Protein chains: 2
Amino acid sequence: MKFGGTSVADAERIKRAAERIVRAKEAGTSVVAVLSARGKHTDELVSLAYEVSDRPDPREMDMLLSTGERVTCALAAMVINDLGHEAISLTGSQAGIVTDSGHTKARIIEVKADRIRNGLDDGKIVLVAGFQGVSQESLDVTTLGRGGSDTTAVALAAALGAGVCEIYTDVAGVFSADPRIVPEARKLPVLTFEEMLEMSASGAGVLQLRSVEYARNHGVTIHCRSSFDDGPGTVIQDEEQTMEQALITAVTHSTSEARITLTGLPDVPGIAGRVLTALADANINVDMIIQNEPQSEGHLADMSFTVPRDDVALARESLESLHSELGFGEIQSDDRMGKVSVVGAGMKSHPGVAAKTFTVLGEAGVNIEMISTSPIKISCVVREEHVADAVRRLHTAFELGADAVLPEDVAGVHRPKVA
Amino acid sequence: MKFGGTSVADAERIKRAAERIVRAKEAGTSVVAVLSARGKHTDELVSLAYEVSDRPDPREMDMLLSTGERVTCALAAMVINDLGHEAISLTGSQAGIVTDSGHTKARIIEVKADRIRNGLDDGKIVLVAGFQGVSQESLDVTTLGRGGSDTTAVALAAALGAGVCEIYTDVAGVFSADPRIVPEARKLPVLTFEEMLEMSASGAGVLQLRSVEYARNHGVTIHCRSSFDDGPGTVIQDEEQTMEQALITAVTHSTSEARITLTGLPDVPGIAGRVLTALADANINVDMIIQNEPQSEGHLADMSFTVPRDDVALARESLESLHSELGFGEIQSDDRMGKVSVVGAGMKSHPGVAAKTFTVLGEAGVNIEMISTSPIKISCVVREEHVADAVRRLHTAFELGADAVLPEDVAGVHRPKVA
C-alpha cells in the first residue's frame, strides 16, 4: 500500500491512512506500506535549501529531502502501535532499496528486502519511507526524484512478490479524461501497462511513468485508488490478463509544452544527432521532433521539437552554444503549446483511429502542429488554447463518456469494445 | 565543533555557523562539526507525535526526532560547498555512533569513526547529525536524549583524538553565577571536569552533565564558547592541567525542585531501599535524601527527598502504590523549593567553606531545609523565593564578582586563589 503526500498531509490524514493499513492487516493480509512526505513538506525543505544555497549540493539535497518521508512513517507507526498492532518504520536504506549514486534522481539497482521480510514474518506491519534509497558504492542517502514513492512501492511489491501494489491517492482512479475538463469522464476499471505508460507519458498525472515501467517489467499488478473512500479504483495489469481491449481507453492532454524550431540547418549527416545530444546533456526531455527535408542535397532544413515549457530557457542556452559550430539560422520558440493524445490498446488492430482523430480536430477548427504515434497512441501538438476543446471533442467522438460506463468491478477484466 | 539549536536556528545562523567552520578549516585544522536541530524544530516534531499519539512509541519517536539534525547538517553542508570547501553530512549511524537499544535515551557503546576519518583524510569537512546513533543489535535509529548533541561531539572528539571539543552556544562561556541573577558574575576561563560536573548537576545549564562525564572519562578538553562572537569562552580540562585551583569557582542554583516527605515510616531495614527503588522504576531522579532516625528501635521515622518539580505527580503515584505494603503515614509534598550550590575544586583542602556558607545564609535569614555535600560542592535546599538572594550573597561573600576578574586568557592556567 502506498500513500501519497495528500493522503498523509496532516495528523488527521495520517491517522486515516494508518487505520486503512490496519484494516488490510486485520483482513488477513501481510502489509508493507510506503509513505510519502506530508503534503507540501518536501516543497518546504526545497525552499529551505534554496534559502542557504543557489545551487544546493545534490548529495546534501538528498540527505535533506529524505527526512520528510521518515517523519510520516514514524508518525504512522505510532498510530498503528496505538491501534494495537505492531508497526516498524524503515528508512529506504533500512528497507534495502539499493540505488546508483545519481543523487536527486537515483535508479534502483537492487532491493534487499530481508529486513522487511523479517518484520512481516514477525507479524509486523512494515512502513517504508518512500522516494529514497542508499547508494551501492558510497552508502549515501539517495532519492529517486519527484514521485519516487510510487517507484519505491512497485519495487518493493516486485521484490516481495506481493499480490498487488495499491497506490492510494487523492483521486478515485485513472479516468478516461481529466474530469476537470470532461465532467462525464469515467473511471477506468482496468488498464494494460502499455496503456497506462502511454497515458502517464502524455499527461495523466495519477501515476509516475517510471513506476509503471517498473511494474510492467516486473509484472506487478497496480491498483490505483482513492485514499478517501473504499471503492475500487483502476487496476493496471498485464495485457494477457485483460480478455478484451477497448479500442480507445482515454484522452489525455498536457498544457505545458513548448516548441523550439532551428531554421536554416545545413543538411549534413549527423547534425540532428548533435542537436539532440546537446539537449540530452542538459537533461532536457525532447518529446516530438519534425525535420523538414530540404528540396535537394546541400540545401537548408528546419528542425522543430517540443520540450517541457519550463526547459525552454535552458534549451535555448544549450542550442546557442552550438550556433557557431553548426551555423544554423535562428532559434525560434513558442511556449504556448499543448498536446492531446488518444490512447487505447485496441487501436493496434484498427487503422481508422488516426483518421478519425484528425477529422474530429479538423472539424473543430483545431490546427494540428505536430503528430506522433505509437501502436496504441496518437498524439497531436496543438496550440494551448485549443487543448480543452480538443479533449472534449475526442472524448465524445470516441464515446468514452458516462454512457459507456461499466459496472465498477475491479476484478472485472471483461470490458466490451467501445467502438 | 558543536553548534547548538540556537546557533543554527535559521538559514542566516546556519550560514554563520558554516562560515565559522570554514574559518577553522582554513586556519589549518581538520574539522568535524556536530549540529543540533534548528531552534524549536525538535519541539515541533514532538508536538506532531503527540498530535497522533498520547504515548508515542519510543522507537518511532527516535526515527521522527532524528530527522531534525539531518536537516541542519545537509543545509550547512550546502553552504560549505558553496564556500569552496568540500563538506559531507553524516547521520549518527553513518558517523558510527553505535548505541544500546534504549530508545529516546540511548547510551553510546562504541564509536566506529572510520567514515569520518576517511572524509578527513580526503580533506573534507565532516558534519555529523547530533543526538543520534544506531542500535548495535537491531540497527534501529536511536537518540541520546535531550542535549545529546553535546555527548555526540565529545564522543567523536574522544574517538578521533581531537585536540579540543568546541561547544558553541548562545552564551559566552560558563559563568561564576547566572548573570541574569548576578550581573557582576564573571566568565570563568578554566574549569576542571569535576567542577563542571558539579555545576551541571546543580543547575548550570550550559553543558549537559552526561557530556561532561564522557569528557572526563576520556580526557577530552572542552572549550565552551559563544557562536555569536570570536572571544574565548571557558576551557574545561583535567585537574592536572590547571596549576592552581580557586577555592570557590561558582555559585549555581536551581528553582525547579520539590520536596516529598513520607511520615511515619516503620523503622525496619530495607524500607528506604523499597521507596527509592519505586522512584527509580518510575525513572525519577532523587537528589537529596534525609531520614530522621527515630528515637528508639521500632519507632516511626520520617523520610524527605527532593525530586524535579515536574515529577511530583508521578512520584506521588509511585509512592501511593507502596502505601499498603509499607504502611507509612502520609505523603507530603512542597513543590516550591530551590537549591543553591557553591562549587570549587579548591575547597577540598579548606574545611571552612561549609561554615561560611551556612553563616552567610543564616545572616540573610535564609532557612536551609536540606544539605548535601561532595568534596568540591556544598548544596543547600532553600525555599524558592530565597534562591536569588542566596545566590547573590554567596557570590559576594566568596568574592567571585567582577573585582576578581582575571585577564581572559583561556590558555592561562594561573588563577590566584580567591580566598
# chains A, B, ... in the order shown; residues from 1 in each chain; ligands from 1
$ residues_around --residues "Leu45 (chain A)" --least-positions-apart "5" --cutoff "9 Å" --atoms "only C-alpha atoms" --output "PyMOL selection string"
(chain A and resi 40+50+61+64-65+68) or (chain B and resi 71)
$ interface_residues --of "chain A" --to "chain B" --cutoff "6 Å" --atoms "only C-alpha atoms" --output "list in words"
Ala11, Val52, Pro56, Asp57, Glu60, Met63, Leu64, Thr67, Val71, Ala74 and Met78 of chain A
$ write_last_selection --atoms "N, CA and C atoms" --output "short mmCIF file (atom, residue, chain, number, x, y, z; two decimals), in the first residue's frame"
data_model
loop_
_atom_site.label_atom_id
_atom_site.label_comp_id
_atom_site.auth_asym_id
_atom_site.auth_seq_id
_atom_site.Cartn_x
_atom_site.Cartn_y
_atom_site.Cartn_z
N ALA A 11 -1.99 15.34 10.63
CA ALA A 11 -2.17 14.30 11.64
C ALA A 11 -3.44 13.48 11.38
N VAL A 52 19.58 28.77 1.70
CA VAL A 52 21.01 28.80 2.07
C VAL A 52 21.94 28.67 0.87
N PRO A 56 22.06 23.99 -4.49
CA PRO A 56 22.30 23.05 -3.38
C PRO A 56 23.01 21.78 -3.89
N ASP A 57 23.99 21.36 -3.16
CA ASP A 57 24.72 20.14 -3.48
C ASP A 57 23.75 18.95 -3.54
N GLU A 60 23.66 16.49 -0.61
CA GLU A 60 23.07 17.07 0.60
C GLU A 60 21.57 17.30 0.44
N MET A 63 20.05 14.11 1.43
CA MET A 63 20.06 13.95 2.89
C MET A 63 18.91 14.77 3.49
N LEU A 64 18.72 15.97 2.93
CA LEU A 64 17.67 16.87 3.42
C LEU A 64 16.28 16.32 3.12
N THR A 67 14.30 13.24 4.76
CA THR A 67 13.74 13.28 6.12
C THR A 67 12.21 13.34 6.11
N VAL A 71 9.58 11.17 8.66
CA VAL A 71 8.66 11.76 9.63
C VAL A 71 7.28 11.11 9.50
N ALA A 74 7.27 7.45 10.76
CA ALA A 74 7.35 7.33 12.22
C ALA A 74 6.00 7.65 12.84
N MET A 78 3.46 5.14 14.98
CA MET A 78 2.93 5.43 16.33
C MET A 78 1.43 5.15 16.39
#
$ residues_around --residues "region 367-376 of chain B" --least-positions-apart "5" --cutoff "10 Å" --atoms "only C-alpha atoms" --output "PyMOL selection string"
chain B and resi 194-195+198+247-249+259+287-290+304-306+337-351+353-354+358+361-362+381-383+386
$ write_last_selection --atoms "N, CA and C atoms" --output "mmCIF file, in the first residue's frame"
data_model
loop_
_atom_site.group_PDB
_atom_site.id
_atom_site.type_symbol
_atom_site.label_atom_id
_atom_site.label_comp_id
_atom_site.auth_asym_id
_atom_site.auth_seq_id
_atom_site.Cartn_x
_atom_site.Cartn_y
_atom_site.Cartn_z
ATOM 1 N N GLU B 194 35.665 18.066 37.242
ATOM 2 C CA GLU B 194 34.875 17.850 38.458
ATOM 3 C C GLU B 194 34.027 19.073 38.784
ATOM 4 N N GLU B 195 34.645 20.246 38.648
ATOM 5 C CA GLU B 195 33.873 21.466 38.907
ATOM 6 C C GLU B 195 32.691 21.566 37.943
ATOM 7 N N GLU B 198 29.930 19.142 38.844
ATOM 8 C CA GLU B 198 29.123 19.591 39.976
ATOM 9 C C GLU B 198 28.218 20.748 39.555
ATOM 10 N N LEU B 247 39.519 28.474 45.365
ATOM 11 C CA LEU B 247 38.787 27.841 46.468
ATOM 12 C C LEU B 247 37.344 27.601 46.023
ATOM 13 N N ILE B 248 36.727 28.674 45.572
ATOM 14 C CA ILE B 248 35.344 28.604 45.103
ATOM 15 C C ILE B 248 35.326 29.123 43.671
ATOM 16 N N THR B 249 34.656 28.412 42.838
ATOM 17 C CA THR B 249 34.623 28.780 41.424
ATOM 18 C C THR B 249 33.309 29.445 41.042
ATOM 19 N N ARG B 259 10.079 18.994 47.291
ATOM 20 C CA ARG B 259 10.425 18.091 48.376
ATOM 21 C C ARG B 259 9.234 17.205 48.691
ATOM 22 N N ASP B 287 17.274 13.589 44.295
ATOM 23 C CA ASP B 287 18.510 14.320 44.537
ATOM 24 C C ASP B 287 18.945 14.131 46.002
ATOM 25 N N MET B 288 18.466 14.955 46.883
ATOM 26 C CA MET B 288 18.876 14.819 48.290
ATOM 27 C C MET B 288 17.892 13.962 49.066
ATOM 28 N N ILE B 289 18.416 13.286 50.076
ATOM 29 C CA ILE B 289 17.578 12.436 50.918
ATOM 30 C C ILE B 289 17.933 12.690 52.381
ATOM 31 N N ILE B 290 16.920 12.836 53.202
ATOM 32 C CA ILE B 290 17.148 12.943 54.645
ATOM 33 C C ILE B 290 16.217 11.966 55.332
ATOM 34 N N SER B 304 12.570 12.426 53.881
ATOM 35 C CA SER B 304 12.329 13.503 52.913
ATOM 36 C C SER B 304 13.329 13.388 51.780
ATOM 37 N N PHE B 305 12.907 13.754 50.613
ATOM 38 C CA PHE B 305 13.847 13.789 49.485
ATOM 39 C C PHE B 305 13.367 14.823 48.478
ATOM 40 N N THR B 306 14.303 15.262 47.646
ATOM 41 C CA THR B 306 13.919 16.231 46.611
ATOM 42 C C THR B 306 13.884 15.532 45.249
ATOM 43 N N MET B 337 10.406 24.554 46.133
ATOM 44 C CA MET B 337 11.750 24.514 46.692
ATOM 45 C C MET B 337 12.783 24.875 45.622
ATOM 46 N N GLY B 338 13.941 25.345 46.089
ATOM 47 C CA GLY B 338 15.042 25.626 45.188
ATOM 48 C C GLY B 338 16.320 25.098 45.813
ATOM 49 N N LYS B 339 17.413 25.303 45.113
ATOM 50 C CA LYS B 339 18.682 24.773 45.617
ATOM 51 C C LYS B 339 19.783 25.754 45.244
ATOM 52 N N VAL B 340 20.658 26.009 46.188
ATOM 53 C CA VAL B 340 21.817 26.872 45.940
ATOM 54 C C VAL B 340 23.062 26.044 46.216
ATOM 55 N N SER B 341 24.039 26.101 45.311
ATOM 56 C CA SER B 341 25.249 25.295 45.487
ATOM 57 C C SER B 341 26.483 26.159 45.313
ATOM 58 N N VAL B 342 27.503 25.846 46.093
ATOM 59 C CA VAL B 342 28.797 26.504 45.997
ATOM 60 C C VAL B 342 29.775 25.437 45.520
ATOM 61 N N VAL B 343 30.452 25.705 44.406
ATOM 62 C CA VAL B 343 31.312 24.703 43.788
ATOM 63 C C VAL B 343 32.733 25.241 43.678
ATOM 64 N N GLY B 344 33.714 24.406 43.973
ATOM 65 C CA GLY B 344 35.100 24.815 43.790
ATOM 66 C C GLY B 344 36.055 23.674 44.101
ATOM 67 N N ALA B 345 36.945 23.381 43.158
ATOM 68 C CA ALA B 345 37.870 22.259 43.346
ATOM 69 C C ALA B 345 38.807 22.519 44.526
ATOM 70 N N GLY B 346 39.027 23.809 44.861
ATOM 71 C CA GLY B 346 39.958 24.128 45.933
ATOM 72 C C GLY B 346 39.400 23.885 47.328
ATOM 73 N N MET B 347 38.109 23.698 47.467
ATOM 74 C CA MET B 347 37.538 23.570 48.818
ATOM 75 C C MET B 347 37.897 22.244 49.467
ATOM 76 N N LYS B 348 38.397 21.314 48.658
ATOM 77 C CA LYS B 348 38.809 20.018 49.195
ATOM 78 C C LYS B 348 39.740 20.191 50.395
ATOM 79 N N SER B 349 40.658 21.182 50.292
ATOM 80 C CA SER B 349 41.651 21.376 51.349
ATOM 81 C C SER B 349 41.287 22.523 52.281
ATOM 82 N N HIS B 350 40.062 23.030 52.169
ATOM 83 C CA HIS B 350 39.647 24.155 53.018
ATOM 84 C C HIS B 350 38.330 23.846 53.709
ATOM 85 N N PRO B 351 38.395 23.322 54.926
ATOM 86 C CA PRO B 351 37.164 22.888 55.603
ATOM 87 C C PRO B 351 36.226 24.025 55.964
ATOM 88 N N VAL B 353 34.665 26.235 54.228
ATOM 89 C CA VAL B 353 33.690 26.705 53.248
ATOM 90 C C VAL B 353 32.250 26.447 53.692
ATOM 91 N N ALA B 354 32.010 25.270 54.210
ATOM 92 C CA ALA B 354 30.650 24.950 54.634
ATOM 93 C C ALA B 354 30.187 25.910 55.721
ATOM 94 N N PHE B 358 26.936 28.477 55.502
ATOM 95 C CA PHE B 358 25.791 28.478 56.420
ATOM 96 C C PHE B 358 25.662 29.821 57.125
ATOM 97 N N LEU B 361 24.131 32.439 54.728
ATOM 98 C CA LEU B 361 22.695 32.239 54.527
ATOM 99 C C LEU B 361 21.927 32.541 55.802
ATOM 100 N N GLY B 362 22.524 32.171 56.932
ATOM 101 C CA GLY B 362 21.862 32.427 58.206
ATOM 102 C C GLY B 362 21.691 33.921 58.456
ATOM 103 N N VAL B 381 19.233 23.150 50.100
ATOM 104 C CA VAL B 381 17.863 23.336 49.637
ATOM 105 C C VAL B 381 17.246 24.451 50.462
ATOM 106 N N VAL B 382 16.703 25.444 49.757
ATOM 107 C CA VAL B 382 16.040 26.569 50.436
ATOM 108 C C VAL B 382 14.693 26.783 49.752
ATOM 109 N N ARG B 383 13.865 27.615 50.320
ATOM 110 C CA ARG B 383 12.595 27.895 49.661
ATOM 111 C C ARG B 383 12.884 28.686 48.385
ATOM 112 N N HIS B 386 13.826 32.368 48.166
ATOM 113 C CA HIS B 386 15.113 32.817 48.717
ATOM 114 C C HIS B 386 16.294 32.561 47.789
#
$ select_by_dssp --residues "region 87-331 of chain A" --states "alpha helix (DSSP H)" --output "PyMOL selection string"
chain A and resi 114-121+148-160+193-201+209-218+271-281+312-320+323-326
$ atom_distance --atom1 "CA of Thr29 (chain B)" --atom2 "CA of Asp121 (chain B)"
12.0 Å
$ atom_distance --atom1 "CA of Asn217 (chain A)" --atom2 "CA of Val154 (chain A)"
10.5 Å
$ residues_around --residues "Lys25 (chain A)" --least-positions-apart "4" --cutoff "12 Å" --atoms "only C-alpha atoms" --output "JSON, numbers by chain"
{"A": [1, 18, 19, 20, 21, 29, 30, 31, 32, 33, 80, 83, 84, 85, 86, 87, 120, 123, 124, 125, 126]}
$ write_last_selection --atoms "C-alpha atoms" --output "tab-separated table (two decimals), in the first residue's frame"
chain	number	residue	atom	x	y	z
A	1	MET	CA	0.00	0.00	0.00
A	18	ALA	CA	-2.94	4.13	9.41
A	19	GLU	CA	-6.47	2.90	10.05
A	20	ARG	CA	-6.75	1.77	6.46
A	21	ILE	CA	-3.47	-0.10	6.77
A	29	THR	CA	-3.00	-9.81	4.53
A	30	SER	CA	0.63	-9.03	5.24
A	31	VAL	CA	1.05	-5.31	4.70
A	32	VAL	CA	4.02	-3.22	3.66
A	33	ALA	CA	3.09	0.44	3.35
A	80	ILE	CA	-0.66	1.77	14.32
A	83	LEU	CA	-4.31	0.70	17.41
A	84	GLY	CA	-2.95	-2.49	18.92
A	85	HIS	CA	-0.80	-3.70	16.05
A	86	GLU	CA	2.96	-3.82	15.86
A	87	ALA	CA	4.43	-1.49	13.28
A	120	LEU	CA	6.42	-9.48	8.14
A	123	GLY	CA	3.61	-10.36	12.18
A	124	LYS	CA	4.51	-6.69	11.98
A	125	ILE	CA	3.18	-4.03	9.67
A	126	VAL	CA	6.22	-2.60	7.89
$ atom_distance --atom1 "CA of Val212 (chain A)" --atom2 "CA of Phe193 (chain A)"
6.7 Å
$ residues_around --residues "Lys112 (chain A)" --least-positions-apart "4" --cutoff "8 Å" --atoms "only C-alpha atoms" --output "PyMOL selection string"
chain A and resi 95-98+159
$ write_last_selection --atoms "N, CA and C atoms" --output "PDB file, in the first residue's frame"
ATOM      1  N   ALA A  95      15.236  -0.444   4.452  1.00  0.00           N
ATOM      2  CA  ALA A  95      14.337  -1.318   3.697  1.00  0.00           C
ATOM      3  C   ALA A  95      15.076  -2.036   2.570  1.00  0.00           C
ATOM      4  N   GLY A  96      16.347  -1.685   2.372  1.00  0.00           N
ATOM      5  CA  GLY A  96      17.146  -2.386   1.368  1.00  0.00           C
ATOM      6  C   GLY A  96      17.001  -1.875  -0.055  1.00  0.00           C
ATOM      7  N   ILE A  97      16.590  -0.623  -0.211  1.00  0.00           N
ATOM      8  CA  ILE A  97      16.479  -0.028  -1.543  1.00  0.00           C
ATOM      9  C   ILE A  97      17.869   0.455  -1.964  1.00  0.00           C
ATOM     10  N   VAL A  98      18.565  -0.363  -2.724  1.00  0.00           N
ATOM     11  CA  VAL A  98      19.932  -0.033  -3.133  1.00  0.00           C
ATOM     12  C   VAL A  98      19.893   0.646  -4.504  1.00  0.00           C
ATOM     13  N   ALA A 159       9.881  -7.120  -5.321  1.00  0.00           N
ATOM     14  CA  ALA A 159      10.872  -7.878  -4.545  1.00  0.00           C
ATOM     15  C   ALA A 159      10.204  -8.856  -3.593  1.00  0.00           C
TER      16      ALA A 159
END
$ residues_around --residues "Thr151 (chain B)" --least-positions-apart "3" --cutoff "9 Å" --atoms "only C-alpha atoms" --output "JSON, numbers by chain"
{"B": [108, 130, 131, 144, 147, 148, 154, 155, 156, 208, 210, 211, 212, 214, 215]}
